[in-house]
>>> print(open('entry.csv').read())   # CSV, C-alpha atoms
chain,number,residue,atom,x,y,z
A,165,MET,CA,-1.8,4.0,-10.4
A,166,SER,CA,-2.6,0.4,-10.9
A,167,TYR,CA,-5.8,-1.3,-12.0
A,168,ASN,CA,-6.4,-2.6,-8.4
A,169,SER,CA,-5.9,0.7,-6.8
A,170,LYS,CA,-8.3,2.4,-9.1
A,171,LYS,CA,-10.8,-0.4,-8.6
A,172,THR,CA,-10.5,-0.1,-4.8
A,173,ILE,CA,-10.9,3.7,-5.0
A,174,ALA,CA,-14.1,3.3,-7.2
A,175,SER,CA,-15.6,0.9,-4.6
A,176,LEU,CA,-14.5,3.2,-1.8
A,177,VAL,CA,-16.2,6.2,-3.4
A,178,ALA,CA,-19.4,4.1,-3.8
A,179,GLY,CA,-19.3,3.0,-0.2
A,180,ALA,CA,-18.6,6.5,1.1
A,181,ALA,CA,-21.5,7.9,-1.0
A,182,LEU,CA,-23.9,5.3,0.5
A,183,VAL,CA,-22.7,6.1,4.1
A,184,ILE,CA,-23.4,9.8,3.4
A,185,ALA,CA,-26.8,8.9,1.9
A,186,TYR,CA,-27.7,6.8,4.9
A,187,THR,CA,-26.5,9.6,7.3
A,188,VAL,CA,-28.7,12.1,5.4
A,189,TYR,CA,-31.6,9.7,5.6
A,190,ALA,CA,-31.1,9.0,9.3
A,191,LEU,CA,-30.9,12.6,10.2
A,192,GLY,CA,-33.7,13.7,7.9
A,193,LYS,CA,-37.4,14.0,8.6
A,194,ARG,CA,-38.3,10.7,6.9
A,195,SER,CA,-36.3,8.6,9.3
A,196,PRO,CA,-38.2,6.2,11.5
A,197,ALA,CA,-39.0,7.0,15.2
A,198,PRO,CA,-36.0,6.7,17.5
A,199,ASN,CA,-37.3,3.6,19.2
A,200,ASN,CA,-38.7,1.8,16.2
A,201,LEU,CA,-36.0,-0.9,15.9
A,202,GLU,CA,-37.8,-2.8,13.2
A,203,SER,CA,-38.0,0.2,10.8
A,204,TRP,CA,-34.3,1.0,11.4
A,205,ALA,CA,-33.4,-2.6,10.7
A,206,ALA,CA,-35.4,-2.5,7.5
A,207,ALA,CA,-33.8,0.8,6.4
A,208,MET,CA,-30.3,-0.6,7.1
A,209,LEU,CA,-31.1,-3.8,5.1
A,210,VAL,CA,-32.2,-1.7,2.2
A,211,PHE,CA,-29.1,0.4,2.3
A,212,ILE,CA,-26.9,-2.7,2.6
A,213,GLY,CA,-28.7,-4.2,-0.5
A,214,ILE,CA,-28.2,-0.9,-2.4
A,215,SER,CA,-24.5,-0.8,-1.5
A,216,VAL,CA,-23.9,-4.4,-2.6
A,217,ALA,CA,-25.7,-3.7,-5.9
A,218,ALA,CA,-23.9,-0.4,-6.3
A,219,VAL,CA,-20.5,-2.0,-5.8
A,220,VAL,CA,-21.2,-4.8,-8.3
A,221,VAL,CA,-22.4,-2.3,-10.9
A,222,ILE,CA,-19.4,0.0,-10.3
A,223,GLN,CA,-17.0,-2.9,-10.6
A,224,ILE,CA,-18.6,-3.9,-14.0
A,225,LEU,CA,-18.5,-0.4,-15.3
A,226,PHE,CA,-15.0,0.1,-14.1
A,227,HIS,CA,-13.9,-3.2,-15.8
A,228,ILE,CA,-15.5,-2.0,-19.1
A,229,ALA,CA,-13.9,1.5,-18.7
A,230,PHE,CA,-10.5,-0.1,-18.0
A,231,ALA,CA,-10.7,-2.4,-21.0
A,232,ILE,CA,-11.6,0.6,-23.3
A,233,GLY,CA,-8.8,2.7,-21.8
A,234,ILE,CA,-6.2,0.0,-22.4
A,235,ALA,CA,-7.6,-0.6,-26.0
A,236,VAL,CA,-7.3,3.1,-26.7
A,237,LYS,CA,-3.9,3.5,-25.1
A,238,GLU,CA,-2.5,0.4,-26.9
A,239,GLN,CA,-4.4,0.9,-30.2
A,240,ASP,CA,-1.2,0.5,-32.2
A,241,ARG,CA,-0.7,-3.0,-30.9
A,242,GLU,CA,-2.6,-6.1,-32.1
A,243,ASP,CA,-5.8,-7.2,-30.4
A,244,LYS,CA,-4.3,-10.3,-28.8
A,245,LYS,CA,-1.6,-8.1,-27.0
A,246,VAL,CA,-4.4,-5.8,-25.7
A,247,GLU,CA,-6.3,-8.9,-24.4
A,248,ARG,CA,-3.2,-10.2,-22.7
A,249,ILE,CA,-2.6,-6.9,-20.9
A,250,ILE,CA,-6.2,-6.8,-19.7
A,251,SER,CA,-6.2,-10.4,-18.5
A,252,SER,CA,-2.8,-9.9,-16.8
A,253,ALA,CA,-4.2,-7.0,-14.8
A,254,MET,CA,-7.2,-9.2,-13.7
A,255,VAL,CA,-5.0,-12.0,-12.4
A,256,GLU,CA,-5.5,-12.5,-8.7
A,257,ASP,CA,-2.1,-13.6,-7.6
A,258,GLU,CA,-0.4,-13.9,-4.2
A,259,ARG,CA,0.4,-10.2,-3.9
A,260,GLU,CA,-3.3,-9.3,-4.3
A,261,LYS,CA,-4.3,-12.0,-1.8
A,262,LEU,CA,-1.7,-10.7,0.7
A,263,ILE,CA,-2.9,-7.1,0.3
A,264,SER,CA,-6.6,-8.2,0.7
A,265,LEU,CA,-5.8,-10.2,3.8
A,266,LYS,CA,-3.8,-7.4,5.4
A,267,SER,CA,-6.4,-4.8,4.6
A,268,ALA,CA,-9.3,-7.0,5.7
A,269,ARG,CA,-7.6,-7.3,9.1
A,270,VAL,CA,-8.0,-3.5,9.5
A,271,GLY,CA,-11.7,-3.9,8.7
A,272,TYR,CA,-12.1,-6.7,11.3
A,273,ILE,CA,-10.4,-4.5,13.9
A,274,CYS,CA,-12.9,-1.7,13.2
A,275,ALA,CA,-15.8,-4.1,13.3
A,276,GLY,CA,-14.6,-5.6,16.6
A,277,ILE,CA,-14.1,-2.1,18.2
A,278,GLY,CA,-17.6,-1.3,17.0
A,279,LEU,CA,-19.1,-4.4,18.6
A,280,ILE,CA,-17.4,-3.6,21.9
A,281,ALA,CA,-18.6,0.0,21.7
A,282,ALA,CA,-22.1,-1.1,20.9
A,283,LEU,CA,-22.1,-3.5,23.9
A,284,ALA,CA,-20.7,-0.8,26.1
A,285,ALA,CA,-23.4,1.6,24.9
A,286,LEU,CA,-26.1,-0.9,25.9
A,287,ALA,CA,-24.4,-1.7,29.2
A,288,LEU,CA,-24.4,2.0,30.0
A,289,GLY,CA,-28.1,2.3,29.4
A,290,GLY,CA,-28.1,3.4,25.7
A,291,SER,CA,-30.9,2.4,23.4
A,292,ALA,CA,-30.8,-0.6,21.1
A,293,VAL,CA,-31.1,1.7,18.1
A,294,ALA,CA,-28.0,3.6,19.2
A,295,ALA,CA,-26.1,0.3,19.6
A,296,PHE,CA,-27.3,-0.8,16.2
A,297,HIS,CA,-26.0,2.4,14.7
A,298,ILE,CA,-22.7,2.1,16.4
A,299,LEU,CA,-22.3,-1.4,14.9
A,300,PHE,CA,-23.5,-0.2,11.5
A,301,GLY,CA,-21.1,2.7,11.6
A,302,ALA,CA,-18.2,0.6,12.7
A,303,TYR,CA,-18.8,-1.8,9.7
A,304,ALA,CA,-19.0,1.2,7.4
A,305,VAL,CA,-15.8,2.8,8.8
A,306,GLY,CA,-14.1,-0.6,8.7
A,307,SER,CA,-15.0,-1.1,5.1
A,308,ILE,CA,-13.7,2.4,4.1
A,309,ALA,CA,-10.5,1.8,6.2
A,310,GLU,CA,-10.0,-1.5,4.5
A,311,GLY,CA,-10.1,0.2,1.1
A,312,ILE,CA,-7.7,3.0,2.1
A,313,VAL,CA,-5.2,0.5,3.6
A,314,GLY,CA,-5.6,-1.7,0.4
A,315,VAL,CA,-4.7,1.3,-1.8
A,316,TYR,CA,-1.8,2.2,0.5
A,317,PHE,CA,-0.4,-1.3,0.1
A,318,TYR,CA,-0.9,-1.3,-3.7
A,319,GLU,CA,0.9,1.9,-4.1
A,320,LYS,CA,3.6,1.8,-1.4
A,321,GLY,CA,4.3,-1.9,-1.5
A,322,VAL,CA,3.9,-4.9,0.8
A,323,ARG,CA,6.2,-7.5,2.3
A,324,ASN,CA,5.6,-11.1,3.1
A,325,GLY,CA,5.8,-11.8,6.8
B,101,MET,CA,18.4,-9.5,18.0
B,102,ASP,CA,17.3,-10.0,14.3
B,103,LYS,CA,18.5,-7.6,11.7
B,104,LYS,CA,16.2,-6.5,9.0
B,105,LEU,CA,16.9,-8.2,5.6
B,106,LEU,CA,16.8,-6.3,2.4
B,107,ILE,CA,15.8,-8.5,-0.5
B,108,THR,CA,16.8,-7.1,-3.9
B,109,ASN,CA,16.5,-8.7,-7.3
B,110,ASN,CA,18.0,-8.8,-10.7
B,111,ILE,CA,14.8,-9.3,-12.6
B,112,ARG,CA,15.2,-6.2,-14.9
B,113,LYS,CA,18.7,-7.4,-15.8
B,114,LEU,CA,17.6,-11.0,-16.4
B,115,ARG,CA,14.7,-9.8,-18.6
B,116,PHE,CA,17.2,-7.8,-20.7
B,117,PHE,CA,19.4,-10.8,-21.2
B,118,ALA,CA,16.4,-13.0,-21.9
B,119,ASN,CA,16.0,-11.3,-25.3
B,120,GLU,CA,14.4,-8.2,-23.7
B,121,MET,CA,11.5,-10.2,-22.3
B,122,THR,CA,8.6,-7.9,-21.4
B,123,GLN,CA,7.0,-7.7,-18.0
B,124,LEU,CA,3.8,-9.1,-19.4
B,125,GLU,CA,5.6,-12.2,-20.8
B,126,LEU,CA,7.3,-12.8,-17.4
B,127,ALA,CA,4.0,-12.3,-15.6
B,128,GLU,CA,2.3,-14.8,-17.9
B,129,LYS,CA,5.1,-17.4,-17.6
B,130,SER,CA,5.4,-17.1,-13.8
B,131,GLY,CA,1.7,-17.0,-13.2
B,132,ALA,CA,1.8,-13.6,-11.5
B,133,SER,CA,0.1,-10.4,-12.6
B,134,ARG,CA,2.0,-7.7,-14.5
B,135,GLN,CA,1.5,-5.4,-11.5
B,136,THR,CA,3.3,-7.8,-9.3
B,137,ILE,CA,6.3,-8.0,-11.7
B,138,ILE,CA,6.3,-4.1,-11.7
B,139,ALA,CA,6.2,-4.0,-7.9
B,140,LEU,CA,9.0,-6.6,-7.7
B,141,GLU,CA,11.2,-4.7,-10.0
B,142,ALA,CA,10.5,-1.5,-8.0
B,143,GLY,CA,11.4,-3.3,-4.8
B,144,LYS,CA,7.9,-2.8,-3.5
B,145,TYR,CA,7.1,-6.4,-3.0
B,146,THR,CA,8.9,-9.4,-1.6
B,147,PRO,CA,7.6,-12.6,-3.3
B,148,SER,CA,6.8,-15.9,-1.7
B,149,LEU,CA,9.4,-18.7,-2.1
B,150,GLU,CA,7.1,-20.3,-4.6
B,151,LEU,CA,6.9,-17.3,-6.9
B,152,ALA,CA,10.6,-16.7,-6.5
B,153,PHE,CA,11.3,-20.2,-7.7
B,154,ARG,CA,8.8,-19.8,-10.6
B,155,ILE,CA,10.6,-16.6,-11.7
B,156,ALA,CA,14.0,-18.3,-11.5
B,157,ASN,CA,12.6,-21.2,-13.5
B,158,VAL,CA,11.4,-18.8,-16.2
B,159,PHE,CA,15.0,-17.5,-16.6
B,160,GLY,CA,16.5,-21.0,-16.1
B,161,VAL,CA,18.8,-19.8,-13.3
B,162,SER,CA,19.1,-20.5,-9.6
B,163,ILE,CA,17.0,-18.5,-7.2
B,164,GLY,CA,20.2,-16.9,-5.8
B,165,GLU,CA,20.9,-15.4,-9.2
B,166,VAL,CA,17.5,-13.7,-9.2
B,167,PHE,CA,17.3,-12.6,-5.6
B,168,GLU,CA,19.9,-11.3,-3.3
B,169,CYS,CA,19.7,-10.8,0.4
B,170,LYS,CA,21.5,-7.9,2.2
B,171,SER,CA,21.5,-7.0,5.8
B,172,GLU,CA,20.2,-3.5,6.3
B,173,GLY,CA,22.1,-3.0,9.5
B,174,ILE,CA,19.1,-1.7,11.4
B,175,GLU,CA,18.1,-3.8,14.3
B,176,ALA,CA,14.4,-4.8,14.2
>>> encode(input="entry.csv", output="structure tokens")
Amino acid sequence: MSYNSKKTIASLVAGAALVIAYTVYALGKRSPAPNNLESWAAAMLVFIGISVAAVVVIQILFHIAFAIGIAVKEQDREDKKVERIISSAMVEDEREKLISLKSARVGYICAGIGLIAALAALALGGSAVAAFHILFGAYAVGSIAEGIVGVYFYEKGVRNG
Amino acid sequence: MDKKLLITNNIRKLRFFANEMTQLELAEKSGASRQTIIALEAGKYTPSLELAFRIANVFGVSIGEVFECKSEGIEA
């Protein structure tokens, strides 16, 4: 499995863990009142902040672990060679950009469906909090789907066009 | 109707004849990542025209000597 696949899986796991954490919080006793939109918005903002920080920290830790892994695996080779292998894996070339574009499209589709579903929920008399959660959930699902599609393309291959 | 095109390459062979050039060296010289070279050799990626030219330039051959196009015979 390539560096990019592993990196995406690490971010996916972090994202999924935060979605689970939010679900536990939302269904728990400490969650805000069902109609308290301000408190729900604040809670979502906190979770988004935590998820951004978690992804950054995980990426840094993953980068360090990857560099150590390569250094151990290639210990018979000189340092410069190891450095070259690490920097080559970090290069963001056209294939990576293509995969990120193709997988981001899946994320946008999920977010779009979520927006329509949230609007439909409001139109059918649902509460604003429910619409808010549908949107939030769609973004979370979209982000996870984006990661899964990305790993699929990294492993199975991708074609231009 | 269009027929699907199968693009194959001779990168592995060309690397062998280029003094057993490593995938890492080819990646560095062509400006791609090593993973992209690995994917190309495994037939898991079709490069852009620009990268195809850059790879051909590394070996000092024409693009047609690196990449070959075959018709798969399946109508798309």
>>> atom_distance(input="entry.csv", atom1="CA of Tyr316 (chain A)", atom2="CA of Thr146 (chain B)")
15.9 Å
>>> closest_residue(input="entry.csv", among="B:Tyr145, B:Ser171, B:Ile137, B:Ser130", to="Val158 (chain B)", atoms="only C-alpha atoms")
B:Ser130
>>> residues_around(input="entry.csv", residues="Ala118 (chain B)", least_positions_apart="5", cutoff="10 Å", atoms="only C-alpha atoms", output="MDAnalysis selection string")
chainID B and resid 112:113 158:160
>>> atom_distance(input="entry.csv", atom1="CA of Ser133 (chain B)", atom2="CA of Val221 (chain A)")
24.0 Å
>>> atom_distance(input="entry.csv", atom1="CA of Asn199 (chain A)", atom2="CA of Val293 (chain A)")
6.6 Å
>>> closest_residue(input="entry.csv", among="B:Leu114, B:Ile138, B:Ala132, B:Ile107", to="Val161 (chain B)", atoms="all atoms listed in the file")
B:Leu114
>>> residues_near_point(input="entry.csv", point="(-10.9, -1.3, -4.9)", cutoff="9 Å", atoms="only C-alpha atoms", output="JSON, numbers by chain")
{"A": [167, 168, 169, 170, 171, 172, 173, 174, 175, 176, 223, 311, 312, 314, 315]}
>>> interface_residues(input="entry.csv", of="chain B", to="chain A", cutoff="12 Å", atoms="all atoms listed in the file", output="ChimeraX atom specification")
/B:104-107,122-152
>>> residues_around(input="entry.csv", residues="Gly276 (chain A)", least_positions_apart="6", cutoff="9 Å", atoms="all atoms listed in the file", output="PyMOL selection string")
chain A and resi 299+302-303
>>> build_atoms(input="entry.csv", residues="region 233-244 of chain A", atoms="N, CA and C atoms", output="tab-separated table (two decimals), in the frame of the given file")
chain	number	residue	atom	x	y	z
A	233	GLY	N	-10.03	1.83	-21.96
A	233	GLY	CA	-8.80	2.70	-21.80
A	233	GLY	C	-7.59	2.00	-22.27
A	234	ILE	N	-7.42	0.72	-21.98
A	234	ILE	CA	-6.20	0.00	-22.40
A	234	ILE	C	-6.27	-0.14	-23.97
A	235	ALA	N	-7.47	-0.45	-24.52
A	235	ALA	CA	-7.60	-0.60	-26.00
A	235	ALA	C	-7.24	0.69	-26.69
A	236	VAL	N	-7.64	1.82	-26.12
A	236	VAL	CA	-7.30	3.10	-26.70
A	236	VAL	C	-5.84	3.43	-26.62
A	237	LYS	N	-5.31	3.16	-25.41
A	237	LYS	CA	-3.90	3.50	-25.10
A	237	LYS	C	-2.96	2.59	-26.00
A	238	GLU	N	-3.36	1.36	-26.19
A	238	GLU	CA	-2.50	0.40	-26.90
A	238	GLU	C	-3.07	0.15	-28.32
A	239	GLN	N	-3.68	1.15	-28.94
A	239	GLN	CA	-4.40	0.90	-30.20
A	239	GLN	C	-3.40	0.52	-31.34
A	240	ASP	N	-2.14	0.86	-31.17
A	240	ASP	CA	-1.20	0.50	-32.20
A	240	ASP	C	-0.82	-0.98	-32.19
A	241	ARG	N	-1.10	-1.61	-31.07
A	241	ARG	CA	-0.70	-3.00	-30.90
A	241	ARG	C	-1.89	-3.91	-31.40
A	242	GLU	N	-1.54	-5.18	-31.61
A	242	GLU	CA	-2.60	-6.10	-32.10
A	242	GLU	C	-3.55	-6.44	-30.93
A	243	ASP	N	-4.74	-6.94	-31.33
A	243	ASP	CA	-5.80	-7.20	-30.40
A	243	ASP	C	-5.41	-8.21	-29.29
A	244	LYS	N	-4.64	-9.23	-29.73
A	244	LYS	CA	-4.30	-10.30	-28.80
A	244	LYS	C	-3.40	-9.70	-27.64
